Each structure stands twice: as structure tokens, then as C-alpha cells.
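Scroll down for the structure; my scribbles are underneath it.
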Protein chains: 2
Amino acid sequence: MDLRRREFAALMLGGAAVLSLAGHAVAESDPLASWNPGPAKDAIVKFVHATTDAGSPNFVPLAERIATFDQDGTLWVEHPIYTQIVFAFDRVPQVVKERPELADEPAFKAVLSGDRELIASLSMEELLSLVGATLTGMDVETYRDEVSAWIKDARDPRWKRPFTELVYQPQIELLKYLRANGYRTYIVTGGGQDFVRAYAEPVYGIPVEQVVGTMFELRFEPGADGKPIIKREPKLLLNDDKAGKPEGIHLVIGRRPRFAFGNTPGDQQMLEYTTAGPGARLGMLVLHDDGVREYAYGPARGLPDSKIGTFPQGLYDLATKDGWIVVSMKNDWKRIFAFE
Amino acid sequence: MDLRRREFAALMLGGAAVLSLAGHAVAESDPLASWNPGPAKDAIVKFVHATTDAGSPNFVPLAERIATFDQDGTLWVEHPIYTQIVFAFDRVPQVVKERPELADEPAFKAVLSGDRELIASLSMEELLSLVGATLTGMDVETYRDEVSAWIKDARDPRWKRPFTELVYQPQIELLKYLRANGYRTYIVTGGGQDFVRAYAEPVYGIPVEQVVGTMFELRFEPGADGKPIIKREPKLLLNDDKAGKPEGIHLVIGRRPRFAFGNTPGDQQMLEYTTAGPGARLGMLVLHDDGVREYAYGPARGLPDSKIGTFPQGLYDLATKDGWIVVSMKNDWKRIFAFE
């Protein structure tokens, strides 16, 4: 039953029924039902109205409606460690079998030992070097199939669920709400472009061509059967983090986004680029302040610094200066996961 | 008047009129009206039917309908020299004013002298080095505006028309025909990605995010007014030619095309990649064999080798081996330009 018929029926029943039924209809159809009322939700709705109402001075033509989302910590859980790094760890035994000399590298040694403390002591550089060594060398189609197969079976240790269920329900609703209003939604991730592409469509409704991420060099060459393949080389082409995010956006999209959502200083430049343009713009940041339902982390919460997902005072200051909206998981999100 | 009403009216007039009017209606609505009947046109129509008919064993889902087109020599005239290089030449005086030391480089010296023979003697490497020096150093938005302004005024010396009118009408019809059948059409060019983006939408109906091209490194930094810009650096990130074409396709699109159209060995790998995949695929090549209406060039036409747009015997052999369709401009294209 559409709203018009519902209202008409209610009218037949008298004034009180109209109010009650109309209110019910609005609640039922709230596209952002997992967002609590408040300034964050208001800012989203106001931005979408202002940019899609043809009579608005801030109207944005369809072609320019680009919204970019960081992934780790913005669309799904990033703690205690990025999902892509778990995948890299799981590939270590197989890769060492193929290339035994890697067993002596500190990151490989730590992972093979299974010593949690040793693994936790690895620097981000050591982790990324392990990612480079374990997630390259194969052709892009084989890689996609390996990621797809792995991500079906792998489980997060805290929730004992597939990582793909640890996506934030309010963000899934936001992606859909933006798309329903003509926005094309992109992921712009510091994670691997091809890693995220392997599941972005079923998990986020985002097709592979709308995933911008860290890119390795590629090599077009004949495969084992003589048919050409595109091989992943162990050399970074674009580190899609910090300044690399607006750069990656320009390479793949070629337009300045109107809306950007992140959660760490790695997203700062994407938000700066987005909100520095003319016309209506919106920058948003997730603050992980819900230690019960998800995690609370970062020095801004009085916690020790962390390798992953800091939210330092400087980012707060920038948010205030540039009018970015800081979204509190604890207060702004009614529900965090679909399975709750 | 739509076909149904036309046929009904014709029916009122009697049998002979039906045949005559119906024949006329079909000709009028041919989406590939500038293509002569023959194997090239047949191959296109057959491919589109086979991949879009839900009952066909070769049906391709909407998301996978990707068609890639080379630009220079495939969508518009590339002789006697790529339009982008004309643009670079026109920028030489301004660039030398800003950086006088460039005046001594061979390519700059030749262009500044205006000596046609000297210019013609430059190697492709010297030309590309001049492109690198003249088309970088500014931010991407300034660059787009400069290309847009230039291409409005610049004229091809032979036809005395804007370069953007030297697009091939049969290809414009083919792009529209593919899009009408759910294909997303991409340009995959050895030319600069941002150069082609500046006019791809009005000229080809192709939005900026569907242009894959040669990429320079980018640098996100504060601009003169403190607002962040994305600056074009004089260093190649991806040479989107030969093997670079399938590599660029993977970075920007992330899917293997179903259809690819080129005209030189620079497109060979794009066609190999496209047609090596499973299911229905189509690779096509334009052969420039019409010295009257356009140009005839390349050793395959018994002409001396050329810097731009060769079509050697090896490409013929590959086309035969891989089932690529060689399109003769002379025989397969009824009309080459819209202004004819």
C-alpha cells in the first residue's frame, strides 16, 4: 500500500487515525532506521535534500553525485586487525612452501610461530611487506577466486561470524539511501583494490568498477595455457591512503566527490578534497566509542595509540574547522550490526 | 509517427504501399545507418543479439557488458599527428616562457622553429617527452579547463574544422547502439586520460569515469589559495598502450571487456585480453584504406611505415587467427563524418 492510499484510507477513519497511521508509515519507511535522531542523521538528510531538489540552489546534477567511503572502520570492523591482513596470514604457509626463503623474514617468522605477542609487535611496514609478498604473484582472476573462497569460510574471532557480516547496518542503509537519490557510491580504501572487489557487490551493493584501493603493478603476459593473463606484481603502484586517496579518486573516477565518509587520519585528505570544492559538500567521520557493541579505540578516547584506527585530537580539530560531522557509534547508531 | 501507426496507415492504402512504407521505416530506424551491409556490420548485430537475448546460450548479464574503444584512429582521425600532440605544440611558447631552459631541447627547438621537416623528423620518444613537459605541472582542474578551451578553437588543417567534428559517424552510431543494448562504453586510449576526459562526454557520450588512458603521477598538495589541489607530475604512472591497455582496464574497470575495437598494434593486447575470455566476445580493427575520404596508411596498404597508425601484416595474421573483424573504412563505412 502506498502512502497516498494509506492516507486516503486513514482519512475515511477520522482525524486521530490519520495522525497515527501517517506516523507509522513514516517510521516504517525511514531509509535510515538504524540511525538515532540527532545532528549526524539530520546532516545526511539535509545534504541529500539540498543536492537532489531541482529547485535548490545547491542542486547537484546526477553525473556529479559521487559519494566515497573508506572501508576498514567505516563500513566494517577493522579491529583488532584489518581483514586483509588476516587473509595474508592465512596464506603464509602456502606461500612459504612455494618460496621457502621467506620463512626467515621477521613477519613470516612471527606468523609461522603463531606467537600472538610476536605478531602484535610487528610494525605496519613489516605487515605491509608481508601483504605484498603473499597477495601478489598470481593473476588477477585467480586472486579474486581465492579471496572469494577464503572470505566465505573465515570467521572473526570475537563474533564467530564471517567478516562480511561485520558490516555496519547504518552504513548499509546510508549507501542505499544515497543510491536511491542518484548518488553513485564508491569504496576508497587503503586496502587492496582487488581484495575488496572480490566481495563488494554482494556485501555493499558496490560493483567492482566502483572500488578504488591500493593498487599493485600489473603485468599482462601469456599464462600457462598460452592465454593472456594479468599478473599481480609485488610492487606498489598506488598506496591508496592519505594523499593517495584523492589521487586514486582522480585516476579511477575523475570527479571530485560531493560526500565522503572516513574514520581515521588516513581519510583526512579525501575529506579535505571533497569538502574544499564549491557547492554543497559533506564530510563525515566514524568515531569508535562503543566498547560494548563494537570497540572503543584511539587516543581521543583516552586509550593508548594503536596501529589501526587512531582518531587523534588533530582530526577533531580539522573536523570542527571544516564542518565535518563526527558520528558517535555509541550515540548515533541505534543498531550496529544486522544480526543484533 | 511510430511504426505501428505507420503500418496501420499503410494497410489502409493497400498491399504495395505496405511493403514500400515498411521498407522505408526499417531503413530510417537502422541504428547503424552509416555502416554498409557486409560481414563487419553483421558481426556487430549478431554479437549484440547473442549477448543480450536472455534465451541465448551466450547471454551476458548487464553488469558484464563492457565495450572498450581505442580513440586515435578508431573513434576519430589520428593523421597526420595525434590531436594531443598538436595541443602540446600549441602550449610550447607558454611553457618555454615559464621554463626558458626547455628551449634548448630538440623537440622544443623544432616546434619553436616552425620548421615542418624538422618537426616531422622528431622521434616518438622526443614527442612524448615534449608531451610530458608541456602537459604536466598544473592541477587537474586547470588542465581540464585548458584542454576544453583549446579544443573549442583548434582546427584540423585539412578539413578546417574542430578536431571534435572529425569523429567517425559509424562509430558514434556503434557506441549508441551498444549503450542502447546495455553495454557500458569505455575509451581506452594511449593518449592522456585527462586530455580525453575534457571532451569525451559531449563528443562521445562517454562520462569521465569511463575514460582509461595514459596516467601521469598525481600529487595532492595545498594550492596557491591554501585549498588542496591535485597536481599533474611529469612522471608516467601508466603508459596505456600495448600491454598497458589491459592493465589500465583492470585498474579502472576491473572486468574483462566483451567487445574491443582498435586500429593498430597498440590495441593488440586489449583485443587479445578481450577475446581470450569465455563466452561470446568480439574484437574489431579499423583499417585506414580510404585515401579519398580520410587517409590510407600503414605498410599493409603498400605505404611506407609511419610513426602513427601502422597496420602491419602481423596484425592481419593475428586478426585472422583470433577471429577479429577488420573493418575497411572504404568498403564498410557508408559515411565517415557527420558533416559529409
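Lettering and numbering for the C-alpha cells are positional, with chains as A, B, ... in the shown order, residues counted from 1 in each chain, and ligands counted from 1 in the shown order.
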For Thr68 of chain B, please output as a PDB file with all heavy atoms, in the first residue's frame all residues within 9 Å (counting only C-alpha atoms; exclusion window: fewer than 3 positions along the same chain).
```pdb
ATOM      1  N   ARG B 184      28.180  -0.750 -21.338  1.00  0.00           N
ATOM      2  CA  ARG B 184      28.855   0.479 -20.947  1.00  0.00           C
ATOM      3  C   ARG B 184      30.047   0.648 -21.873  1.00  0.00           C
ATOM      4  O   ARG B 184      30.848  -0.284 -22.025  1.00  0.00           O
ATOM      5  CB  ARG B 184      29.284   0.416 -19.483  1.00  0.00           C
ATOM      6  CG  ARG B 184      28.220   1.079 -18.585  1.00  0.00           C
ATOM      7  CD  ARG B 184      28.409   0.707 -17.153  1.00  0.00           C
ATOM      8  NE  ARG B 184      28.340  -0.740 -17.033  1.00  0.00           N
ATOM      9  CZ  ARG B 184      29.023  -1.449 -16.163  1.00  0.00           C
ATOM     10  NH1 ARG B 184      29.841  -0.860 -15.328  1.00  0.00           N
ATOM     11  NH2 ARG B 184      28.892  -2.768 -16.124  1.00  0.00           N
ATOM     12  N   THR B 185      30.143   1.808 -22.498  1.00  0.00           N
ATOM     13  CA  THR B 185      31.204   2.062 -23.463  1.00  0.00           C
ATOM     14  C   THR B 185      32.329   2.840 -22.789  1.00  0.00           C
ATOM     15  O   THR B 185      32.101   3.842 -22.126  1.00  0.00           O
ATOM     16  CB  THR B 185      30.656   2.861 -24.657  1.00  0.00           C
ATOM     17  OG1 THR B 185      29.985   4.034 -24.184  1.00  0.00           O
ATOM     18  CG2 THR B 185      29.663   2.025 -25.450  1.00  0.00           C
ATOM     19  N   TYR B 186      33.536   2.320 -22.930  1.00  0.00           N
ATOM     20  CA  TYR B 186      34.733   2.951 -22.366  1.00  0.00           C
ATOM     21  C   TYR B 186      35.681   3.335 -23.498  1.00  0.00           C
ATOM     22  O   TYR B 186      35.778   2.636 -24.510  1.00  0.00           O
ATOM     23  CB  TYR B 186      35.493   1.968 -21.465  1.00  0.00           C
ATOM     24  CG  TYR B 186      34.902   1.778 -20.089  1.00  0.00           C
ATOM     25  CD1 TYR B 186      33.796   0.955 -19.895  1.00  0.00           C
ATOM     26  CD2 TYR B 186      35.460   2.397 -18.972  1.00  0.00           C
ATOM     27  CE1 TYR B 186      33.262   0.765 -18.622  1.00  0.00           C
ATOM     28  CE2 TYR B 186      34.936   2.204 -17.700  1.00  0.00           C
ATOM     29  CZ  TYR B 186      33.842   1.389 -17.528  1.00  0.00           C
ATOM     30  OH  TYR B 186      33.329   1.196 -16.268  1.00  0.00           O
ATOM     31  N   ILE B 187      36.403   4.438 -23.301  1.00  0.00           N
ATOM     32  CA  ILE B 187      37.548   4.732 -24.148  1.00  0.00           C
ATOM     33  C   ILE B 187      38.782   4.195 -23.429  1.00  0.00           C
ATOM     34  O   ILE B 187      38.946   4.409 -22.219  1.00  0.00           O
ATOM     35  CB  ILE B 187      37.676   6.253 -24.395  1.00  0.00           C
ATOM     36  CG1 ILE B 187      36.522   6.722 -25.286  1.00  0.00           C
ATOM     37  CG2 ILE B 187      39.025   6.588 -25.032  1.00  0.00           C
ATOM     38  CD1 ILE B 187      36.444   8.219 -25.452  1.00  0.00           C
ATOM     39  N   VAL B 188      39.638   3.491 -24.162  1.00  0.00           N
ATOM     40  CA  VAL B 188      40.912   3.005 -23.613  1.00  0.00           C
ATOM     41  C   VAL B 188      41.995   3.486 -24.573  1.00  0.00           C
ATOM     42  O   VAL B 188      42.213   2.898 -25.632  1.00  0.00           O
ATOM     43  CB  VAL B 188      40.916   1.474 -23.455  1.00  0.00           C
ATOM     44  CG1 VAL B 188      42.266   0.994 -22.920  1.00  0.00           C
ATOM     45  CG2 VAL B 188      39.789   1.024 -22.515  1.00  0.00           C
ATOM     46  N   ILE B 249      42.748  -1.253 -18.073  1.00  0.00           N
ATOM     47  CA  ILE B 249      41.363  -1.743 -17.998  1.00  0.00           C
ATOM     48  C   ILE B 249      41.120  -2.393 -16.641  1.00  0.00           C
ATOM     49  O   ILE B 249      40.103  -2.149 -15.989  1.00  0.00           O
ATOM     50  CB  ILE B 249      41.083  -2.739 -19.147  1.00  0.00           C
ATOM     51  CG1 ILE B 249      40.955  -1.988 -20.475  1.00  0.00           C
ATOM     52  CG2 ILE B 249      39.827  -3.573 -18.865  1.00  0.00           C
ATOM     53  CD1 ILE B 249      40.921  -2.881 -21.711  1.00  0.00           C
ATOM     54  N   PRO B 257      36.664  -6.909 -20.813  1.00  0.00           N
ATOM     55  CA  PRO B 257      35.630  -6.465 -21.759  1.00  0.00           C
ATOM     56  C   PRO B 257      35.084  -7.631 -22.577  1.00  0.00           C
ATOM     57  O   PRO B 257      35.714  -8.679 -22.703  1.00  0.00           O
ATOM     58  CB  PRO B 257      36.372  -5.487 -22.679  1.00  0.00           C
ATOM     59  CG  PRO B 257      37.636  -5.145 -21.969  1.00  0.00           C
ATOM     60  CD  PRO B 257      37.962  -6.304 -21.083  1.00  0.00           C
ATOM     61  N   ARG B 258      33.899  -7.417 -23.115  1.00  0.00           N
ATOM     62  CA  ARG B 258      33.289  -8.380 -24.027  1.00  0.00           C
ATOM     63  C   ARG B 258      33.534  -7.997 -25.478  1.00  0.00           C
ATOM     64  O   ARG B 258      33.451  -8.833 -26.379  1.00  0.00           O
ATOM     65  CB  ARG B 258      31.765  -8.401 -23.792  1.00  0.00           C
ATOM     66  CG  ARG B 258      31.385  -9.072 -22.498  1.00  0.00           C
ATOM     67  CD  ARG B 258      31.556 -10.553 -22.657  1.00  0.00           C
ATOM     68  NE  ARG B 258      31.350 -11.265 -21.415  1.00  0.00           N
ATOM     69  CZ  ARG B 258      31.104 -12.580 -21.396  1.00  0.00           C
ATOM     70  NH1 ARG B 258      31.055 -13.276 -22.516  1.00  0.00           N
ATOM     71  NH2 ARG B 258      30.942 -13.188 -20.254  1.00  0.00           N
ATOM     72  N   PHE B 259      33.801  -6.722 -25.672  1.00  0.00           N
ATOM     73  CA  PHE B 259      33.901  -6.166 -27.020  1.00  0.00           C
ATOM     74  C   PHE B 259      35.039  -5.156 -27.000  1.00  0.00           C
ATOM     75  O   PHE B 259      35.137  -4.357 -26.070  1.00  0.00           O
ATOM     76  CB  PHE B 259      32.572  -5.477 -27.347  1.00  0.00           C
ATOM     77  CG  PHE B 259      32.514  -4.797 -28.692  1.00  0.00           C
ATOM     78  CD1 PHE B 259      31.846  -5.400 -29.749  1.00  0.00           C
ATOM     79  CD2 PHE B 259      33.091  -3.549 -28.901  1.00  0.00           C
ATOM     80  CE1 PHE B 259      31.770  -4.776 -31.000  1.00  0.00           C
ATOM     81  CE2 PHE B 259      33.025  -2.923 -30.145  1.00  0.00           C
ATOM     82  CZ  PHE B 259      32.363  -3.537 -31.196  1.00  0.00           C
ATOM     83  N   ALA B 260      35.917  -5.204 -27.990  1.00  0.00           N
ATOM     84  CA  ALA B 260      37.001  -4.224 -28.047  1.00  0.00           C
ATOM     85  C   ALA B 260      37.259  -3.827 -29.488  1.00  0.00           C
ATOM     86  O   ALA B 260      37.198  -4.669 -30.397  1.00  0.00           O
ATOM     87  CB  ALA B 260      38.266  -4.783 -27.413  1.00  0.00           C
ATOM     88  N   PHE B 261      37.561  -2.557 -29.684  1.00  0.00           N
ATOM     89  CA  PHE B 261      37.727  -2.009 -31.026  1.00  0.00           C
ATOM     90  C   PHE B 261      38.998  -1.163 -31.036  1.00  0.00           C
ATOM     91  O   PHE B 261      39.155  -0.263 -30.221  1.00  0.00           O
ATOM     92  CB  PHE B 261      36.520  -1.123 -31.364  1.00  0.00           C
ATOM     93  CG  PHE B 261      36.124  -1.110 -32.814  1.00  0.00           C
ATOM     94  CD1 PHE B 261      34.783  -1.180 -33.173  1.00  0.00           C
ATOM     95  CD2 PHE B 261      37.066  -1.018 -33.826  1.00  0.00           C
ATOM     96  CE1 PHE B 261      34.380  -1.176 -34.506  1.00  0.00           C
ATOM     97  CE2 PHE B 261      36.686  -1.011 -35.165  1.00  0.00           C
ATOM     98  CZ  PHE B 261      35.343  -1.087 -35.500  1.00  0.00           C
ATOM     99  N   GLY B 262      39.916  -1.479 -31.951  1.00  0.00           N
ATOM    100  CA  GLY B 262      41.149  -0.712 -32.050  1.00  0.00           C
ATOM    101  C   GLY B 262      41.524  -0.490 -33.503  1.00  0.00           C
ATOM    102  O   GLY B 262      40.701  -0.678 -34.403  1.00  0.00           O
ATOM    103  N   MET B 270      44.811  -5.417 -25.930  1.00  0.00           N
ATOM    104  CA  MET B 270      43.427  -5.194 -25.474  1.00  0.00           C
ATOM    105  C   MET B 270      42.492  -6.175 -26.176  1.00  0.00           C
ATOM    106  O   MET B 270      41.603  -6.756 -25.547  1.00  0.00           O
ATOM    107  CB  MET B 270      42.995  -3.753 -25.764  1.00  0.00           C
ATOM    108  CG  MET B 270      41.535  -3.477 -25.475  1.00  0.00           C
ATOM    109  SD  MET B 270      41.115  -1.708 -25.529  1.00  0.00           S
ATOM    110  CE  MET B 270      40.985  -1.417 -27.303  1.00  0.00           C
TER     111      MET B 270
END
```
query = Mind listing as a count of residues only which residues of chain B are within 6 Å of chain A, counting only C-alpha atoms?
reply = 9
query = In Å, with one decimal, what is the gap from atom CA of Val77 of chain B to atom CA of Trp333 of chain B?
reply = 14.3 Å
Among segment 271-340 of chain A, which residues carry a DSSP assignment of strand (DSSP E or B), reported as a tab-separated table (two decimals) with all heavy atoms, in the first residue's frame?
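Output (result22.tsv):
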```tsv
chain	number	residue	atom	x	y	z
A	282	LEU	N	29.62	17.24	1.93
A	282	LEU	CA	29.51	16.71	3.29
A	282	LEU	C	30.65	15.73	3.56
A	282	LEU	O	30.89	14.81	2.79
A	282	LEU	CB	28.15	16.02	3.49
A	282	LEU	CG	27.84	15.56	4.93
A	282	LEU	CD1	27.93	16.70	5.93
A	282	LEU	CD2	26.45	14.92	5.00
A	283	GLY	N	31.36	15.99	4.67
A	283	GLY	CA	32.40	15.09	5.15
A	283	GLY	C	31.97	14.49	6.48
A	283	GLY	O	31.46	15.21	7.33
A	284	MET	N	32.16	13.19	6.65
A	284	MET	CA	31.76	12.55	7.90
A	284	MET	C	32.86	11.58	8.38
A	284	MET	O	33.61	11.03	7.56
A	284	MET	CB	30.44	11.79	7.72
A	284	MET	CG	29.30	12.69	7.26
A	284	MET	SD	27.66	11.87	7.31
A	284	MET	CE	27.18	12.14	9.00
A	285	LEU	N	32.90	11.40	9.69
A	285	LEU	CA	33.90	10.51	10.30
A	285	LEU	C	33.23	9.64	11.35
A	285	LEU	O	32.48	10.15	12.19
A	285	LEU	CB	34.99	11.34	10.97
A	285	LEU	CG	35.97	12.09	10.05
A	285	LEU	CD1	36.71	13.17	10.84
A	285	LEU	CD2	36.96	11.11	9.41
A	286	VAL	N	33.51	8.34	11.32
A	286	VAL	CA	33.03	7.45	12.38
A	286	VAL	C	33.99	7.52	13.56
A	286	VAL	O	35.20	7.37	13.38
A	286	VAL	CB	32.98	5.97	11.90
A	286	VAL	CG1	32.53	5.07	13.05
A	286	VAL	CG2	32.08	5.81	10.70
A	287	LEU	N	33.44	7.74	14.74
A	287	LEU	CA	34.24	7.67	15.97
A	287	LEU	C	33.91	6.37	16.69
A	287	LEU	O	32.75	6.13	17.06
A	287	LEU	CB	33.93	8.87	16.86
A	287	LEU	CG	34.68	8.90	18.20
A	287	LEU	CD1	36.16	9.13	17.98
A	287	LEU	CD2	34.09	9.98	19.11
A	289	ASP	N	33.58	4.68	19.59
A	289	ASP	CA	33.49	4.98	21.02
A	289	ASP	C	32.52	4.03	21.72
A	289	ASP	O	31.98	4.35	22.76
A	289	ASP	CB	33.05	6.44	21.22
A	289	ASP	CG	31.71	6.74	20.56
A	289	ASP	OD1	31.16	5.85	19.88
A	289	ASP	OD2	31.21	7.87	20.72
A	296	ALA	N	36.10	0.60	21.35
A	296	ALA	CA	36.45	2.00	21.60
A	296	ALA	C	37.96	2.07	21.49
A	296	ALA	O	38.67	1.33	22.16
A	296	ALA	CB	35.99	2.44	22.98
A	325	ILE	N	31.23	16.10	10.10
A	325	ILE	CA	30.38	15.57	11.16
A	325	ILE	C	31.05	14.34	11.77
A	325	ILE	O	31.37	13.38	11.05
A	325	ILE	CB	29.00	15.16	10.59
A	325	ILE	CG1	28.36	16.31	9.81
A	325	ILE	CG2	28.10	14.64	11.71
A	325	ILE	CD1	27.86	17.45	10.64
A	326	VAL	N	31.28	14.38	13.07
A	326	VAL	CA	31.83	13.21	13.76
A	326	VAL	C	30.66	12.37	14.27
A	326	VAL	O	29.83	12.84	15.04
A	326	VAL	CB	32.76	13.62	14.92
A	326	VAL	CG1	33.24	12.39	15.67
A	326	VAL	CG2	33.96	14.41	14.37
A	327	VAL	N	30.61	11.13	13.79
A	327	VAL	CA	29.50	10.23	14.12
A	327	VAL	C	29.91	9.34	15.27
A	327	VAL	O	30.88	8.58	15.16
A	327	VAL	CB	29.14	9.37	12.89
A	327	VAL	CG1	28.06	8.36	13.25
A	327	VAL	CG2	28.70	10.25	11.73
A	328	SER	N	29.20	9.42	16.36
A	328	SER	CA	29.48	8.56	17.51
A	328	SER	C	28.74	7.24	17.33
A	328	SER	O	27.51	7.20	17.23
A	328	SER	CB	29.01	9.26	18.79
A	328	SER	OG	28.74	8.30	19.79
A	333	TRP	N	24.28	5.58	16.39
A	333	TRP	CA	23.86	4.34	15.74
A	333	TRP	C	22.97	3.52	16.67
A	333	TRP	O	23.42	3.00	17.69
A	333	TRP	CB	25.08	3.53	15.28
A	333	TRP	CG	25.73	4.15	14.06
A	333	TRP	CD1	25.33	5.27	13.39
A	333	TRP	CD2	26.90	3.68	13.36
A	333	TRP	NE1	26.17	5.54	12.33
A	333	TRP	CE2	27.15	4.57	12.29
A	333	TRP	CE3	27.76	2.59	13.54
A	333	TRP	CZ2	28.21	4.41	11.40
A	333	TRP	CZ3	28.82	2.42	12.66
A	333	TRP	CH2	29.04	3.32	11.60
```
message = Can you tell me which residues surround Lys334 of chain A at a distance of at most 6 Å, considering only C-alpha atoms, apart from same-chain residues fewer than 2 positions away, and format the answer as JSON, numbers by chain?
response = {"A": [34, 35, 36]}
Proximity of segment 156-203 of chain B to segment 80-89 of chain B: per-residue shortest pair, 12 Å limit, only C-alpha atoms, as a tab-separated table:
```
residue	atom	partner	partner_atom	distance
B:Asp156	CA	B:Thr83	CA	8.7
B:Pro157	CA	B:Pro80	CA	9.7
B:Arg158	CA	B:Pro80	CA	9.7
B:Pro162	CA	B:Thr83	CA	10.4
B:Phe163	CA	B:Thr83	CA	7.3
B:Thr164	CA	B:Thr83	CA	9.7
B:Leu166	CA	B:Thr83	CA	10.6
B:Val167	CA	B:Thr83	CA	11.9
B:Thr189	CA	B:Gln84	CA	11.4
B:Gly190	CA	B:Tyr82	CA	10.3
B:Gly191	CA	B:Gln84	CA	7.0
B:Gly192	CA	B:Gln84	CA	7.8
B:Gln193	CA	B:Gln84	CA	10.9
B:Asp194	CA	B:Gln84	CA	10.7
B:Phe195	CA	B:Gln84	CA	7.3
B:Val196	CA	B:Gln84	CA	8.7
B:Ala198	CA	B:Gln84	CA	11.6
```
inquiry  = I need the residues in segment 54-290 of chain A that are alpha helix (DSSP H) according to DSSP; give them as an MDAnalysis selection string.
reply    = chainID A and resid 83:98 106:113 116:120 124:134 140:153 169:180 193:197 200:204 244:252 268:276
